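Trainee: Once you've had a glance at the structure underneath, I'll fire off some questions.
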Amino acid sequence: MDNPPMLCVDQVTYRYHVTKSHYALSDISFTVNAGEWLAVIGNNGSGKSTLARLIVGLAEPESGSILINGKRLTERTKWQLRQRIGIVLQNPDNQFIGTTVQDDVAFALENLNIDDHEMQERVFRALRLVHMYELREKDPSQLSGGQKQRVAIAGVLALEPDLMIFDEAFVMLDPKSRRELLALLRELQAKLGLTIISITHDRSEAAQADQVIVLKDGVLIDHGPPAVIFEAHPDFTPPFAEQLKRKLIELGGSMPDAYMSEKELVDWLCR
Amino acid sequence: MQVNFRSVKADYQLGPIRARNIIDDVTFSLESGSFTAVIGRTGAGKSSLLKLMNGLLLPAKGEVSIGELELSQQANKKVINQIRKRVGMVFQFPEHQLFAETVGKDIAFGPRNFGLNEQETKKAVQESIRLVGLDPDILERSPFSLSGGQQRRVAIAGILATNPDVLILDEPGAGLDPEGKQKILTMIKTLHVQKRLTTVLVTHDMNDVATYADDVLLIDQGKLVCHQPVRTFFQDNHLTSAWHIDLPEPLRLQRKIERAKNMTFKQTCLTLDELSQMLIREGLV
């Protein structure tokens with residue numbers, strides 16, 4: 001028998017208040033398989049963050065259901081299911097609790113009732129993965145923005161979740177740290193079979209995903225691999241290589257119409 | 001309006017803690033009407049540099065001058081006040097500072113505080129809402145009913161209403177979607193040209209530097225590393241690699257193509273237009 005998908009969102013509808021006629025999300029359905037990376041894109045106010053809140057059980061859908069690993073997320077099951085989900089938000093400062101980096105990473109584990117020895121092992125392992133082990137004794141408030149974000153990710157990794165959600169988690173990083181972190185997540189996805197949902201404005205981050213869903217005014221308007229999505233929505237600023245290809249066609253160059261990744265474009269230009 | 005730093009040193013005093021030489025012997029001159037991008041790592045001193053430009057931080061040594069006005073350690077309140085009327089500062093996430101019950105009242109706060117009468121204030125509000133590309137109908141609405149991009153425009157309108165000669169912006173595109181960010185920066189560039197502003201932009205995004213700025217000012221550990229035209233700066237491979245500067249996307253791709261073909265092009269392409277035209281001219285397409 002096939003394993004159930006890691007996440008199944010089925011006809012989910014949500015309003016911030018029942019007296020409001022505006023739906024933050026209407027009739028959203030999609031699935032994410034185990035080990036897959038899904039990017040959620042859409043402009044400010046499209047419902048992306050609301051969706052993340054529903055998936056981690058911070059808010060409840062008005063109708064429809066959310067299944068995690070085949071189990072329905074409800075008020076009763078959410079405590080248990082949340083142990084398998086980690087979320088990292090835009091501003092890590094809002095999530096820091098510990099007075100040292102390692103205490104902070106350990107905090108979430110303390111609620112899981114595991115023995116000290118295993119806890120320390122998991123904390124150190126997570127810190128090594130994000131290259132923050134050497135700084136484990138530091139006060140989180142003294143770290144740079146990129147380092148704080150790594151600690152927040154370590155905190156979630158130490159929980160060994162099946163599903164990690166990043167809600168604009170890389171916005172305040174400089175481009176270099178952002179690239180390093182994305183590469184690290186790719187590595188972890190392959191190594192640990194992590195399932196990743198990244199909510200992002202960054203089109204090159206979305207281009208790295210296996211699947212992309214597009215939200216607009218609370219409605220899911222498209223779902224597919226990045227190449228298909230960027231081809232179908234010329235109004236989205238695509239990754240730079242695709243922008244260049246379109247410009248070259250506009251200037252009269254004869255090039256393939258289909259979406260091209262950066263590597264494909266460079267290979268084509270140097271053929 | 002010209003901005004001059006002459007051997008400026010500055011310390012930071014936070015309660016009992018004094019951080020010395022957060023800006024360390026910095027000298028430069030920004031021409032009137034120039035558009036300068038300030039870049040550098042987190043903690044390099046970018047924000048301190050901006051604060052020195054409008055008297056939020058005073059030099060411990062040396063002088064900062066804005067036009068004919070001069071700021072030094074002994075600067076009095078009156079001079080600082082005059083400088084703040086000339087220098088408009090847009091902080092990171094400026095929409096967090098919106099507070100009034102209507103957009104109109106929010107924008108009017110600055111000019112009214114600087115002593116404009118009711119009629120002049122009204123005129124300044126009307127003009128600045130138009131400058132940031134919003135419909136005047138929005139003036140009666142609550143700023144909190146607007147989208148993130150609109151809120152940021154309102155916050156910028158509040159600064160423009162004080163009619164500054166120097167406009168300073170700290171990461172004005174942060175947290176907006178790519179289309180919203182491009183719109184804000186294009187608007188800033190248009191304002192810069194129309195109002196002949198001297199503009200200073202702090203950004204991490206080298207594409208913004210290449211697209212909007214004339215000059216780059218790179219700082220590290222409170223010291224000025226270089227101040228030069230954008231193209232000269234990105235052409236210098238040694239400089240950009242020594243300081244781990246990301247290349248703008250068009251140039252990054254150009255270098256990638258050069259490596260793949262094992263050759264170098266004469267031109268340094270900083271924009272999509274430049275790169276696409278060069279590839280056609282060079283016969284790659």
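Naming scheme: A, B, ... for chains in displayed order of the structure tokens; residues 1 onward per chain; ligands 1 onward as shown.
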Only residues of chain A matter here; which ones have an atom within 6 Å of chain B, counting only C-alpha atoms? Give them as a ChimeraX atom specification.

Mentor: /A:43,174,201,248,253,266,269

Trainee: Step one, run DSSP on the backbone; step two, keep only residues of range 26-255 of chain B assigned to strand (DSSP E); then write them as a ChimeraX atom specification.

Mentor: /B:26-30,35-39,61-66,69-71,87-90,166-170,198-202,215-220,223-229

Trainee: Contacts of Val202 in chain B at 10 Å or less, counting only C-alpha atoms, minus same-chain residues fewer than 2 places along, as a PyMOL selection string?

Mentor: chain B and resi 36-40+46-47+50+91-92+168-172+200+204-205+208-209+217

Trainee: How many Å lie between CA of Ile197 in chain A and CA of Ser144 in chain A, rounded to one decimal?

Mentor: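 Taking CA of Ile197 in chain A and CA of Ser144 in chain A, their separation equals 24.8 Å.
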
Trainee: List the spatial neighbours of Arg20 in chain B as a PyMOL selection string - criterion: any atom at most 9 Å away, only C-alpha atoms, same-chain residues fewer than 5 positions off excluded.

Mentor: chain B and resi 9-13

Trainee: When you look at Leu112 in chain A with a cut-off of 12 Å (counting only C-alpha atoms), what residues show up, excluding the ones that are within fewer than 5 positions of it in the same chain? I need them as a ChimeraX atom specification.

Mentor: /A:79-80,82-84,106-107,118-119,158-160

Trainee: Nearest to Lys78 in chain B: which of B:Glu31, B:Ala210, B:Lys223, B:Gly55 is it, counting only C-alpha atoms?

Mentor: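 Using only C-alpha atoms, the shortest distance to Lys78 in chain B belongs to B:Gly55.
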
Trainee: Set the distance at 10 Å and use only C-alpha atoms: which residues neighbour Gln194 in chain B once local chain neighbours fewer than 5 positions away are removed? I'd like the list as a count of residues only.

Mentor: 3

Trainee: Would you list the contacts of Glu180 in chain A as a VMD selection string, taking every protein, DNA or RNA residue within 12 Å and counting only C-alpha atoms, but skipping same-chain residues closer than 5 positions in sequence?

Mentor: chain A and resid 130 to 131 146 to 147 149 to 150 170 173 to 175 185 to 187 205

Trainee: Could you please determine the separation between CA of Arg252 in chain B and CA of Glu264 in chain A in Å, to one decimal place?

Mentor: 15.5 Å

Trainee: Suppose you want the space between CA of Thr121 in chain B and CA of Pro94 in chain B; what is it in Å?

Mentor: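 That distance, rounded to one decimal, is 20.8 Å.
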
Trainee: If you run DSSP on this backbone, which residues of range 138-237 of chain A come out as helix (DSSP H, G or I), and could you give them as a count of residues only?

Mentor: 47

Trainee: Quick one: of B:Asn262, B:Ser32, B:Lys183, B:Ile83, who's nearest to Leu56 in chain B, counting only C-alpha atoms?

Mentor: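 Selected residue with least distance to Leu56 in chain B: B:Ile83.
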